file start_1.txt (compact mmCIF, C-alpha atoms)
# COMPACT_ATOMS: atom_id res chain seq x y z
CA MET A 23 132.85 181.18 148.99
CA ALA A 24 136.06 181.09 151.00
CA LEU A 25 134.33 179.02 153.65
CA ALA A 26 133.10 176.53 151.03
CA LEU A 27 136.62 176.22 149.57
CA LEU A 28 138.07 175.75 153.02
CA GLY A 29 135.47 173.07 153.78
CA PHE A 30 136.19 171.28 150.50
CA GLY A 31 139.94 171.40 151.12
CA GLY A 32 139.48 170.09 154.66
CA TRP A 33 137.34 167.23 153.40
CA ARG A 34 140.01 166.29 150.79
CA VAL A 35 142.74 166.34 153.43
CA TRP A 36 140.56 164.18 155.69
CA LEU A 37 140.13 161.64 152.86
CA VAL A 38 143.89 161.51 152.29
CA LEU A 39 144.67 161.08 155.98
CA PHE A 40 141.84 158.68 156.73
CA PRO A 41 140.83 156.89 153.52
CA GLY A 42 137.71 154.77 153.70
CA ASP A 43 137.62 151.05 152.93
CA GLU A 44 136.50 151.67 149.37
CA ALA A 45 139.38 154.10 148.71
CA GLU A 46 141.84 151.58 150.16
CA ILE A 47 140.46 148.81 147.92
CA ARG A 48 140.69 151.03 144.84
CA ALA A 49 144.27 151.94 145.74
CA MET A 50 145.10 148.24 146.20
CA LEU A 51 143.68 147.45 142.74
CA THR A 52 145.79 150.21 141.20
CA GLU A 53 148.89 148.72 142.83
CA LEU A 54 147.82 145.28 141.61
CA GLU A 55 147.69 146.58 138.02
CA GLU A 56 151.28 147.77 138.36
CA ALA A 57 152.45 144.53 140.00
CA ALA A 58 150.83 142.37 137.31
CA ALA A 59 152.65 144.14 134.47
CA PHE A 60 156.04 143.02 133.23
CA LYS A 61 158.42 143.95 130.45
CA PRO A 62 160.03 141.64 127.89
CA SER A 63 163.45 142.88 128.99
CA ASP A 64 163.01 141.72 132.61
CA LYS A 65 165.70 139.29 133.86
CA PRO A 66 164.86 135.90 135.48
CA LEU A 67 165.64 137.26 138.95
CA THR A 68 163.26 140.13 138.31
CA HIS A 69 160.62 137.58 137.28
CA MET A 70 160.86 135.98 140.74
CA ALA A 71 160.63 139.34 142.48
CA ASN A 72 157.72 140.45 140.27
CA ALA A 73 155.84 137.20 140.90
CA GLY A 74 156.43 137.52 144.65
CA GLU A 75 155.13 141.07 144.70
CA PHE A 76 152.16 140.15 142.49
CA SER A 77 151.09 137.16 144.61
CA GLY A 78 151.32 139.33 147.73
CA PHE A 79 148.00 140.90 146.71
CA PHE A 80 146.19 137.57 147.12
CA THR A 81 145.20 135.38 150.08
CA ASP A 82 146.94 132.03 150.61
CA GLN A 83 143.85 130.12 149.45
CA VAL A 84 143.02 132.37 146.52
CA GLU A 85 140.83 130.88 143.77
CA ILE A 86 141.08 132.29 140.28
CA SER A 87 139.08 131.25 137.25
CA ALA A 88 139.43 133.31 134.12
CA LYS A 89 138.76 132.79 130.45
CA GLY A 90 141.90 132.49 128.35
CA THR A 91 142.39 133.89 124.88
CA GLY A 92 141.51 130.48 123.42
CA GLY A 93 138.10 130.55 125.09
CA GLY A 94 138.71 127.90 127.78
CA ILE A 95 138.44 128.59 131.51
CA ARG A 96 141.74 128.44 133.41
CA ARG A 97 141.61 127.76 137.16
CA ILE A 98 144.34 128.51 139.68
CA VAL A 99 144.00 127.65 143.38
CA GLY A 100 146.44 128.85 146.03
CA LYS A 101 149.01 131.60 146.24
CA THR A 102 151.92 129.26 145.43
CA SER A 103 150.29 128.07 142.21
CA LEU A 104 149.58 131.67 141.29
CA GLN A 105 153.19 132.65 141.91
CA GLN A 106 154.40 129.77 139.71
CA ALA A 107 151.93 130.73 136.98
CA ALA A 108 153.21 134.31 137.11
CA ILE A 109 156.85 133.17 136.81
CA SER A 110 155.96 130.86 133.88
CA ALA A 111 154.08 133.64 132.12
CA GLN A 112 157.07 135.98 132.42
CA ALA A 113 159.52 133.29 131.32
CA MET A 114 157.56 132.82 128.11
CA GLY A 115 158.84 136.22 127.08
CA GLY A 116 157.01 139.22 125.74
CA GLY A 117 155.50 141.85 127.94
CA PHE A 118 152.18 142.11 129.68
CA SER A 119 150.04 144.91 131.06
CA VAL A 120 146.60 145.03 132.60
CA SER A 121 144.27 147.83 133.55
CA PHE A 122 141.04 147.74 135.53
CA LYS A 123 138.24 149.92 134.19
CA ASP A 124 134.88 150.92 135.66
CA VAL A 125 135.54 149.34 139.06
CA LEU A 126 132.38 148.85 141.12
CA VAL A 127 133.13 148.23 144.81
CA LYS A 128 130.52 146.95 147.26
CA LEU A 129 131.47 146.69 150.91
CA GLY A 130 130.20 143.57 152.64
CA GLU A 131 127.85 143.59 155.62
CA GLU A 132 130.54 141.79 157.56
CA LYS A 133 133.42 144.16 158.34
CA GLY A 134 136.57 143.46 156.38
CA THR A 135 134.83 141.95 153.37
CA ALA A 136 133.98 143.41 150.00
CA THR A 137 133.14 142.40 146.47
CA CYS A 138 134.03 144.21 143.32
CA ARG A 139 133.14 143.90 139.68
CA LEU A 140 135.40 145.41 137.06
CA THR A 141 136.42 145.24 133.42
CA ALA A 142 139.95 143.96 132.97
CA LEU A 143 141.86 144.96 129.85
CA ALA A 144 144.95 142.84 129.44
CA ARG A 145 147.45 143.15 126.66
CA GLY A 146 150.40 140.95 125.77
CA ALA A 147 153.35 142.38 123.86
CA GLY A 148 152.70 142.43 120.14
CA GLU A 149 149.02 141.51 120.47
CA PRO A 150 146.99 143.85 118.30
CA THR A 151 143.83 143.72 120.40
CA PRO A 152 143.49 143.59 124.18
CA TRP A 153 141.84 140.73 126.02
CA VAL A 154 138.71 142.08 127.74
CA GLN A 155 136.97 140.32 130.58
CA ILE A 156 134.51 141.20 133.32
CA LEU A 157 135.85 139.95 136.63
CA ASP A 158 134.12 139.45 139.97
CA MET A 159 136.45 139.67 142.95
CA GLU A 160 135.96 138.79 146.58
CA ILE A 161 138.24 140.89 148.75
CA VAL A 162 139.01 140.46 152.45
CA GLU A 163 140.97 142.50 154.96
CA LEU A 164 143.83 140.61 156.57
CA ASP A 165 146.07 142.31 159.15
CA GLY A 166 145.04 145.72 157.89
CA ASP A 167 145.66 144.94 154.22
CA TRP A 168 143.02 144.19 151.61
CA LYS A 169 143.72 140.93 149.74
CA VAL A 170 141.98 139.27 146.82
CA ALA A 171 140.42 135.96 147.90
CA LYS A 172 138.55 134.98 144.75
CA VAL A 173 138.50 136.02 141.11
CA ALA A 174 135.85 134.74 138.73
CA ALA A 175 135.28 135.54 135.08
CA VAL A 176 131.82 136.73 134.10
CA GLU A 177 130.48 136.31 130.56
CA ALA A 178 129.96 139.70 128.91
CA LEU A 179 126.83 138.41 127.18
CA GLU A 180 124.60 135.50 128.12
CA ARG A 181 125.42 132.76 125.63
CA ILE A 182 122.61 130.82 123.91
CA GLN A 183 123.45 127.12 123.69
CA MET B 27 147.86 218.26 113.44
CA ASN B 28 149.18 217.86 116.96
CA ASP B 29 150.54 214.52 118.33
CA GLU B 30 147.25 213.50 119.99
CA GLY B 31 145.30 214.15 116.84
CA LYS B 32 147.81 212.18 114.75
CA GLN B 33 147.56 209.12 117.00
CA ALA B 34 143.76 209.16 116.74
CA ALA B 35 143.99 209.40 112.98
CA ASP B 36 146.36 206.41 112.89
CA LYS B 37 143.89 204.27 114.85
CA VAL B 38 141.02 205.11 112.57
CA ALA B 39 143.03 204.42 109.46
CA GLY B 40 144.14 200.99 110.81
CA ALA B 41 147.77 201.93 111.16
CA PRO B 42 150.35 199.22 111.90
CA ALA B 43 149.93 197.65 115.35
CA THR B 44 151.91 199.08 118.21
CA ALA B 45 154.66 197.14 119.99
CA ALA B 46 152.24 196.11 122.75
CA THR B 47 149.73 194.47 120.37
CA ARG B 48 152.48 192.76 118.45
CA ALA B 49 153.60 190.82 121.52
CA TRP B 50 154.65 187.17 121.11
CA TRP B 51 151.36 185.89 122.51
CA THR B 52 149.20 187.77 119.99
CA PRO B 53 149.03 184.87 117.47
CA LEU B 54 148.12 182.57 120.36
CA VAL B 55 145.41 184.51 122.17
CA GLY B 56 144.48 187.13 119.58
CA ARG B 57 144.19 190.88 120.07
CA ASN B 58 141.50 190.45 122.70
CA PRO B 59 142.60 187.73 125.16
CA LYS B 60 139.36 187.98 127.14
CA THR B 61 137.20 187.14 124.11
CA THR B 62 139.57 184.32 123.14
CA LEU B 63 139.40 182.90 126.65
CA ILE B 64 135.59 182.96 126.64
CA ARG B 65 135.52 181.28 123.21
CA ALA B 66 137.99 178.59 124.32
CA ALA B 67 136.07 177.94 127.54
CA THR B 68 132.78 177.69 125.63
CA LEU B 69 134.33 175.26 123.15
CA ALA B 70 135.75 173.16 125.99
CA VAL B 71 132.35 172.99 127.73
CA VAL B 72 130.58 172.11 124.47
CA CYS B 73 133.13 169.34 123.74
CA PHE B 74 132.89 168.05 127.32
CA VAL B 75 129.10 167.84 127.18
CA PHE B 76 128.94 166.51 123.62
CA PHE B 77 131.59 163.80 123.90
CA GLY B 78 130.93 163.01 127.56
CA PHE B 79 127.14 162.83 127.61
CA ILE B 80 125.78 162.79 124.06
CA ALA B 81 128.14 161.03 121.65
CA ARG B 82 130.78 158.86 123.27
CA PRO B 83 133.83 158.35 121.03
CA VAL B 84 134.93 154.72 120.70
CA ARG B 85 137.78 153.02 118.90
CA VAL B 86 136.95 149.68 117.30
CA ARG B 87 139.23 146.90 118.56
CA GLY B 88 139.19 143.42 117.09
CA MET B 89 137.51 141.95 114.05
CA SER B 90 134.10 140.83 115.31
CA MET B 91 132.31 143.54 113.29
CA GLU B 92 134.23 142.96 110.04
CA PRO B 93 133.57 143.79 107.24
CA THR B 94 131.30 146.63 108.41
CA TYR B 95 133.82 148.07 110.89
CA HIS B 96 137.55 147.47 110.81
CA ASN B 97 140.04 147.28 113.64
CA GLY B 98 141.24 150.75 114.62
CA TRP B 99 138.28 152.68 113.23
CA VAL B 100 136.85 155.45 115.36
CA ASN B 101 133.12 155.85 115.85
CA LEU B 102 130.65 157.67 118.07
CA ILE B 103 127.93 156.07 120.20
CA ASN B 104 124.87 158.29 120.38
CA ARG B 105 123.61 158.02 123.95
CA LEU B 106 120.40 159.91 123.12
CA SER B 107 119.32 157.62 120.28
CA TYR B 108 117.07 155.46 122.44
CA LEU B 109 115.57 158.13 124.67
CA VAL B 110 112.40 158.39 122.63
CA SER B 111 112.46 155.11 120.70
CA GLU B 112 113.48 151.55 121.41
CA PRO B 113 116.42 149.77 119.77
CA ARG B 114 115.55 148.20 116.43
CA ARG B 115 116.72 145.13 114.60
CA GLY B 116 119.79 145.85 112.52
CA ASP B 117 120.99 148.74 114.68
CA VAL B 118 124.69 148.68 115.52
CA ILE B 119 124.95 149.48 119.20
CA GLY B 120 127.42 149.96 122.03
CA VAL B 121 126.99 147.54 124.94
CA LYS B 122 128.73 148.45 128.16
CA PHE B 123 130.74 146.05 130.30
CA THR B 124 130.83 147.27 133.93
CA GLY B 125 130.79 150.86 132.72
CA GLU B 126 131.05 152.85 129.52
CA SER B 127 134.85 152.98 129.32
CA VAL B 128 134.86 149.69 127.45
CA GLN B 129 132.01 148.74 125.15
CA LEU B 130 131.12 145.94 122.78
CA LEU B 131 130.09 147.02 119.30
CA LYS B 132 127.39 144.60 118.09
CA ARG B 133 124.35 144.41 115.84
CA ILE B 134 120.86 143.81 117.21
CA ILE B 135 119.47 140.61 115.74
CA ALA B 136 116.47 139.72 117.91
CA LEU B 137 114.09 141.89 119.93
CA PRO B 138 112.28 141.41 123.25
CA GLY B 139 109.61 138.70 123.19
CA GLU B 140 110.94 137.06 120.03
CA ARG B 141 112.10 133.46 119.69
CA PHE B 142 115.69 133.20 118.45
CA SER B 143 117.67 130.29 117.05
CA LEU B 144 120.58 129.68 114.67
CA LYS B 145 120.58 126.79 112.21
CA ARG B 146 123.57 126.21 109.93
CA GLY B 147 124.45 129.89 110.04
CA VAL B 148 120.95 131.19 109.37
CA VAL B 149 119.20 133.22 112.07
CA PHE B 150 115.58 132.27 112.72
CA ILE B 151 113.24 134.74 114.41
CA ASP B 152 109.93 133.23 115.52
CA GLY B 153 110.68 130.32 113.20
CA LYS B 154 111.27 132.45 110.10
CA PRO B 155 114.71 132.93 108.51
CA LEU B 156 116.20 136.40 108.83
CA GLU B 157 117.81 138.06 105.83
CA GLU B 158 121.20 139.49 106.77
CA PRO B 159 122.80 141.37 103.85
CA TYR B 160 125.66 142.65 106.05
CA THR B 161 127.17 139.21 106.68
CA GLU B 162 127.83 135.81 105.17
CA ALA B 163 126.33 132.77 106.84
CA ASN B 164 128.73 130.34 108.48
CA GLU B 165 127.22 126.86 108.48
CA THR B 166 129.00 125.90 111.69
CA TRP B 167 126.94 128.41 113.67
CA THR B 168 124.07 126.44 115.18
CA THR B 169 122.27 126.64 118.51
CA ARG B 170 120.97 123.52 120.20
CA SER B 171 117.67 125.10 121.16
CA GLU B 172 115.42 128.06 120.57
CA ARG B 173 115.54 130.91 123.11
CA GLU B 174 112.51 133.05 123.89
CA LEU B 175 113.64 136.52 124.91
CA GLY B 176 112.33 138.32 127.96
CA PRO B 177 110.64 141.75 127.90
CA SER B 178 113.95 143.65 128.06
CA GLU B 179 116.30 141.21 126.34
CA TYR B 180 117.99 141.55 122.96
CA VAL B 181 120.23 139.19 121.00
CA VAL B 182 123.34 140.92 119.66
CA ILE B 183 125.92 139.44 117.27
CA GLY B 184 128.90 140.84 115.39
CA ASP B 185 128.90 140.87 111.59
CA ASN B 186 131.97 138.64 111.33
CA ARG B 187 130.53 135.14 111.29
CA SER B 188 133.61 133.66 109.59
CA MET B 189 135.18 133.09 112.99
CA ASP B 190 134.41 130.18 115.30
CA MET B 191 131.10 130.65 117.13
CA GLU B 192 132.75 129.85 120.47
CA LEU B 193 135.38 132.55 119.99
CA HIS B 194 132.86 135.21 119.01
CA THR B 195 131.32 137.25 121.84
CA TRP B 196 127.60 137.23 121.18
CA GLY B 197 124.40 136.52 123.07
CA VAL B 198 121.63 138.05 125.12
CA VAL B 199 121.94 141.52 126.60
CA GLU B 200 119.61 143.43 128.91
CA ARG B 201 118.23 146.76 127.67
CA GLY B 202 119.95 148.58 130.55
CA ARG B 203 123.39 147.72 129.17
CA ILE B 204 122.76 149.26 125.75
CA VAL B 205 124.58 152.60 125.70
CA GLY B 206 123.36 153.88 122.35
CA LYS B 207 123.50 153.54 118.60
CA ALA B 208 126.65 153.86 116.47
CA VAL B 209 126.55 157.12 114.53
CA PHE B 210 128.53 156.00 111.43

call {"tool": "encode", "arguments": {"input": "start_1.txt", "output": "structure tokens"}}
result
Amino acid sequence: MALALLGFGGWRVWLVLFPGDEAEIRAMLTELEEAAAFKPSDKPLTHMANAGEFSGFFTDQVEISAKGTGGGIRRIVGKTSLQQAAISAQAMGGGFSVSFKDVLVKLGEEKGTATCRLTALARGAGEPTPWVQILDMEIVELDGDWKVAKVAAVEALERIQ
Amino acid sequence: MNDEGKQAADKVAGAPATAATRAWWTPLVGRNPKTTLIRAATLAVVCFVFFGFIARPVRVRGMSMEPTYHNGWVNLINRLSYLVSEPRRGDVIGVKFTGESVQLLKRIIALPGERFSLKRGVVFIDGKPLEEPYTEANETWTTRSERELGPSEYVVIGDNRSMDMELHTWGVVERGRIVGKAVF
């Protein structure tokens, strides 16, 4: 029993000291959730800092296409455009928070690449119901850090035209 | 009667509790903490198994199932409901996204192998109109073509057809994404 506990503890310590790629990606996504959130009370200077931190999780040529609350697909290409979009969103006032649920990570055959599918729950301040969307992400490792290269919205149900 | 005999007599007669049994934690853990602990542990395990594996609690968000279910209502999704039988038309089900943390609550409208279409708000199954007492037809809901469902495909729609068809999340779902049937 003691040996089993010792083995389990050793394994946990090993995971903390040397996290695998999947653990690093999950940790990055948790940090991304925090960076994407903002409060209505944030000052304009904070908006700039928040947007800078948020865009740091993406590659320079990032491509994002997500369905907006009105139903249309919004497309953002490039880290600079993303940063500007983040500043604009914060300047509009209100708060925003996002959480990623049921994250499925699949490491690519090529080292330093991965894909992940998750359910994003986003909520604007004062909105009674959250915006829910399945997102597919392509993630790459750049200089030891995992960055999001592509985000695409996936329909929850196949629509009949 | 000596002291020892008196104490024994007190116990039998249910004399007032001693200082030790009247400790501050007595109302919390009872007179027999071991039994209380076993009961609490059993209850915790039963709740964990029941709510984690049998009936998943869900909170309704949004208005796509109005008027049957209102925003904020709590329900349970029975994960065992389709172990021995297949989902049926009219069942209100939970459909998972990438996992079971977030689910869509929808009603099954068309079953595998059937032909589905919508014309001026009326659902047609294999060319015949479907009676839907739980909703009111919205004439703007129309599909351009008929869709024949595969062997494991279902069409699910919310009861609230008053909203724009484009804003309503509905469509075809694979059997594997159906979590279970709504209990209430």

call {"tool": "closest_atom_pairs", "arguments": {"input": "start_1.txt", "of": "chain B", "to": "chain A", "cutoff": "9 Å", "atoms": "all atoms listed in the file", "output": "Markdown table"}}
result
| residue | atom | partner | partner_atom | distance |
| --- | --- | --- | --- | --- |
| B:Arg87 | CA | A:Thr151 | CA | 5.9 |
| B:Gly88 | CA | A:Thr151 | CA | 5.7 |
| B:Asn97 | CA | A:Thr151 | CA | 8.5 |
| B:Lys122 | CA | A:Ala178 | CA | 8.9 |
| B:Phe123 | CA | A:Thr141 | CA | 6.5 |
| B:Thr124 | CA | A:Asp124 | CA | 5.7 |
| B:Gly125 | CA | A:Asp124 | CA | 5.0 |
| B:Glu126 | CA | A:Asp124 | CA | 7.5 |
| B:Ser127 | CA | A:Asp124 | CA | 6.7 |
| B:Val128 | CA | A:Lys123 | CA | 7.5 |
| B:Leu130 | CA | A:Ala178 | CA | 8.8 |
| B:Ser143 | CA | A:Ile182 | CA | 8.5 |
| B:Thr168 | CA | A:Gln183 | CA | 8.6 |
| B:Thr169 | CA | A:Gln183 | CA | 5.3 |
| B:Arg170 | CA | A:Gln183 | CA | 5.6 |
| B:Ser171 | CA | A:Gln183 | CA | 6.6 |
| B:Glu172 | CA | A:Ile182 | CA | 8.4 |
| B:Arg173 | CA | A:Ile182 | CA | 7.1 |
| B:Val182 | CA | A:Leu179 | CA | 8.7 |
| B:Glu192 | CA | A:Gly93 | CA | 7.1 |
| B:Leu193 | CA | A:Gly93 | CA | 6.1 |
| B:Thr195 | CA | A:Leu179 | CA | 7.1 |
| B:Trp196 | CA | A:Leu179 | CA | 6.2 |
| B:Gly197 | CA | A:Arg181 | CA | 4.7 |
| B:Val198 | CA | A:Glu180 | CA | 4.9 |
| B:Val199 | CA | A:Leu179 | CA | 5.8 |
| B:Glu200 | CA | A:Leu179 | CA | 9.0 |

call {"tool": "atom_distance", "arguments": {"input": "start_1.txt", "atom1": "CA of Glu75 (chain A)", "atom2": "CA of Val176 (chain A)"}}
result
26.0 Å

call {"tool": "atom_distance", "arguments": {"input": "start_1.txt", "atom1": "CA of Ser111 (chain B)", "atom2": "CA of Ala81 (chain B)"}}
result
16.8 Å

call {"tool": "closest_residue", "arguments": {"input": "start_1.txt", "among": "A:Asn72, A:Lys133, A:Arg97, A:Ser103", "to": "Phe60 (chain A)", "atoms": "all atoms listed in the file"}}
result
A:Asn72

call {"tool": "atom_distance", "arguments": {"input": "start_1.txt", "atom1": "CA of Ala144 (chain A)", "atom2": "CA of Glu56 (chain A)"}}
result
12.0 Å

call {"tool": "residues_around", "arguments": {"input": "start_1.txt", "residues": "Leu104 (chain A)", "least_positions_apart": "6", "cutoff": "9 Å", "atoms": "only C-alpha atoms", "output": "NGL selection string"}}
result
:A and (73 or 76-77 or 80 or 84 or 86 or 98)

call {"tool": "residues_near_point", "arguments": {"input": "start_1.txt", "point": "(155.0, 134.2, 133.7)", "cutoff": "12 Å", "atoms": "only C-alpha atoms", "output": "number ranges by chain"}}
result
A: 58-62, 64-66, 68-74, 76-77, 103-118, 146

call {"tool": "write_last_selection", "arguments": {"input": "start_1.txt", "atoms": "C-alpha atoms", "output": "compact mmCIF listing (two decimals), keeping the file's coordinate frame"}}
result
# COMPACT_ATOMS: atom_id res chain seq x y z
CA ALA A 58 150.83 142.37 137.31
CA ALA A 59 152.65 144.14 134.47
CA PHE A 60 156.04 143.02 133.23
CA LYS A 61 158.42 143.95 130.45
CA PRO A 62 160.03 141.64 127.89
CA ASP A 64 163.01 141.72 132.61
CA LYS A 65 165.70 139.29 133.86
CA PRO A 66 164.86 135.90 135.48
CA THR A 68 163.26 140.13 138.31
CA HIS A 69 160.62 137.58 137.28
CA MET A 70 160.86 135.98 140.74
CA ALA A 71 160.63 139.34 142.48
CA ASN A 72 157.72 140.45 140.27
CA ALA A 73 155.84 137.20 140.90
CA GLY A 74 156.43 137.52 144.65
CA PHE A 76 152.16 140.15 142.49
CA SER A 77 151.09 137.16 144.61
CA SER A 103 150.29 128.07 142.21
CA LEU A 104 149.58 131.67 141.29
CA GLN A 105 153.19 132.65 141.91
CA GLN A 106 154.40 129.77 139.71
CA ALA A 107 151.93 130.73 136.98
CA ALA A 108 153.21 134.31 137.11
CA ILE A 109 156.85 133.17 136.81
CA SER A 110 155.96 130.86 133.88
CA ALA A 111 154.08 133.64 132.12
CA GLN A 112 157.07 135.98 132.42
CA ALA A 113 159.52 133.29 131.32
CA MET A 114 157.56 132.82 128.11
CA GLY A 115 158.84 136.22 127.08
CA GLY A 116 157.01 139.22 125.74
CA GLY A 117 155.50 141.85 127.94
CA PHE A 118 152.18 142.11 129.68
CA GLY A 146 150.40 140.95 125.77

call {"tool": "closest_residue", "arguments": {"input": "start_1.txt", "among": "A:Leu129, A:Leu67, A:Cys138, A:Leu27", "to": "Val170 (chain A)", "atoms": "only C-alpha atoms"}}
result
A:Cys138

call {"tool": "residues_around", "arguments": {"input": "start_1.txt", "residues": "Arg133 (chain B)", "least_positions_apart": "6", "cutoff": "12 Å", "atoms": "only C-alpha atoms", "output": "PyMOL selection string"}}
result
chain B and resi 90-92+94-95+113-121+158+160-161+180-186+195-199+204+206-208

call {"tool": "closest_residue", "arguments": {"input": "start_1.txt", "among": "B:Gln129, B:Ala136, B:Glu157, B:His194", "to": "Gly176 (chain B)", "atoms": "only C-alpha atoms"}}
result
B:Ala136

call {"tool": "residues_around", "arguments": {"input": "start_1.txt", "residues": "Thr52 (chain A)", "least_positions_apart": "4", "cutoff": "9 Å", "atoms": "all atoms listed in the file", "output": "list in words"}}
result
Ile47, Arg48, Glu56, Ala57, Ser121 and Phe122 of chain A

call {"tool": "build_atoms", "arguments": {"input": "start_1.txt", "residues": "region 148-171 of chain B", "atoms": "N, CA and C atoms", "output": "mmCIF file, in the frame of the given file"}}
result
data_model
loop_
_atom_site.group_PDB
_atom_site.id
_atom_site.type_symbol
_atom_site.label_atom_id
_atom_site.label_comp_id
_atom_site.auth_asym_id
_atom_site.auth_seq_id
_atom_site.Cartn_x
_atom_site.Cartn_y
_atom_site.Cartn_z
ATOM 1 N N VAL B 148 122.095 130.321 109.657
ATOM 2 C CA VAL B 148 120.950 131.190 109.370
ATOM 3 C C VAL B 148 120.210 131.504 110.670
ATOM 4 N N VAL B 149 119.932 132.802 110.870
ATOM 5 C CA VAL B 149 119.200 133.220 112.070
ATOM 6 C C VAL B 149 117.708 133.023 111.823
ATOM 7 N N PHE B 150 117.037 132.426 112.799
ATOM 8 C CA PHE B 150 115.580 132.270 112.720
ATOM 9 C C PHE B 150 114.933 133.075 113.844
ATOM 10 N N ILE B 151 113.991 133.945 113.446
ATOM 11 C CA ILE B 151 113.240 134.740 114.410
ATOM 12 C C ILE B 151 111.792 134.258 114.354
ATOM 13 N N ASP B 152 111.286 133.797 115.454
ATOM 14 C CA ASP B 152 109.930 133.230 115.520
ATOM 15 C C ASP B 152 109.725 132.179 114.424
ATOM 16 N N GLY B 153 110.774 131.415 114.177
ATOM 17 C CA GLY B 153 110.680 130.320 113.200
ATOM 18 C C GLY B 153 110.910 130.721 111.763
ATOM 19 N N LYS B 154 111.072 132.008 111.492
ATOM 20 C CA LYS B 154 111.270 132.450 110.100
ATOM 21 C C LYS B 154 112.719 132.897 109.896
ATOM 22 N N PRO B 155 113.313 132.528 108.750
ATOM 23 C CA PRO B 155 114.710 132.930 108.510
ATOM 24 C C PRO B 155 114.845 134.447 108.362
ATOM 25 N N LEU B 156 115.944 134.958 108.889
ATOM 26 C CA LEU B 156 116.200 136.400 108.830
ATOM 27 C C LEU B 156 117.207 136.693 107.719
ATOM 28 N N GLU B 157 116.883 137.663 106.889
ATOM 29 C CA GLU B 157 117.810 138.060 105.830
ATOM 30 C C GLU B 157 118.856 139.001 106.412
ATOM 31 N N GLU B 158 120.127 138.661 106.214
ATOM 32 C CA GLU B 158 121.200 139.490 106.770
ATOM 33 C C GLU B 158 122.190 139.871 105.667
ATOM 34 N N PRO B 159 121.935 140.990 104.970
ATOM 35 C CA PRO B 159 122.800 141.370 103.850
ATOM 36 C C PRO B 159 124.199 141.794 104.280
ATOM 37 N N TYR B 160 124.378 142.115 105.567
ATOM 38 C CA TYR B 160 125.660 142.650 106.050
ATOM 39 C C TYR B 160 126.659 141.550 106.418
ATOM 40 N N THR B 161 126.253 140.277 106.292
ATOM 41 C CA THR B 161 127.170 139.210 106.680
ATOM 42 C C THR B 161 126.990 137.985 105.792
ATOM 43 N N GLU B 162 127.947 137.070 105.897
ATOM 44 C CA GLU B 162 127.830 135.810 105.170
ATOM 45 C C GLU B 162 127.625 134.696 106.162
ATOM 46 N N ALA B 163 126.651 133.840 105.896
ATOM 47 C CA ALA B 163 126.330 132.770 106.840
ATOM 48 C C ALA B 163 127.487 131.785 106.974
ATOM 49 N N ASN B 164 127.729 131.369 108.220
ATOM 50 C CA ASN B 164 128.730 130.340 108.480
ATOM 51 C C ASN B 164 127.970 129.111 108.969
ATOM 52 N N GLU B 165 128.054 128.035 108.203
ATOM 53 C CA GLU B 165 127.220 126.860 108.480
ATOM 54 C C GLU B 165 127.527 126.184 109.809
ATOM 55 N N THR B 166 128.663 126.540 110.403
ATOM 56 C CA THR B 166 129.000 125.900 111.690
ATOM 57 C C THR B 166 128.252 126.555 112.860
ATOM 58 N N TRP B 167 127.654 127.700 112.604
ATOM 59 C CA TRP B 167 126.940 128.410 113.670
ATOM 60 C C TRP B 167 125.541 127.800 113.838
ATOM 61 N N THR B 168 125.365 127.066 114.906
ATOM 62 C CA THR B 168 124.070 126.440 115.180
ATOM 63 C C THR B 168 123.830 126.413 116.690
ATOM 64 N N THR B 169 122.612 126.754 117.083
ATOM 65 C CA THR B 169 122.270 126.640 118.510
ATOM 66 C C THR B 169 121.484 125.346 118.715
ATOM 67 N N ARG B 170 121.631 124.792 119.919
ATOM 68 C CA ARG B 170 120.970 123.520 120.200
ATOM 69 C C ARG B 170 119.460 123.707 120.393
ATOM 70 N N SER B 171 119.096 124.892 120.897
ATOM 71 C CA SER B 171 117.670 125.100 121.160
ATOM 72 C C SER B 171 117.260 126.531 120.802
#
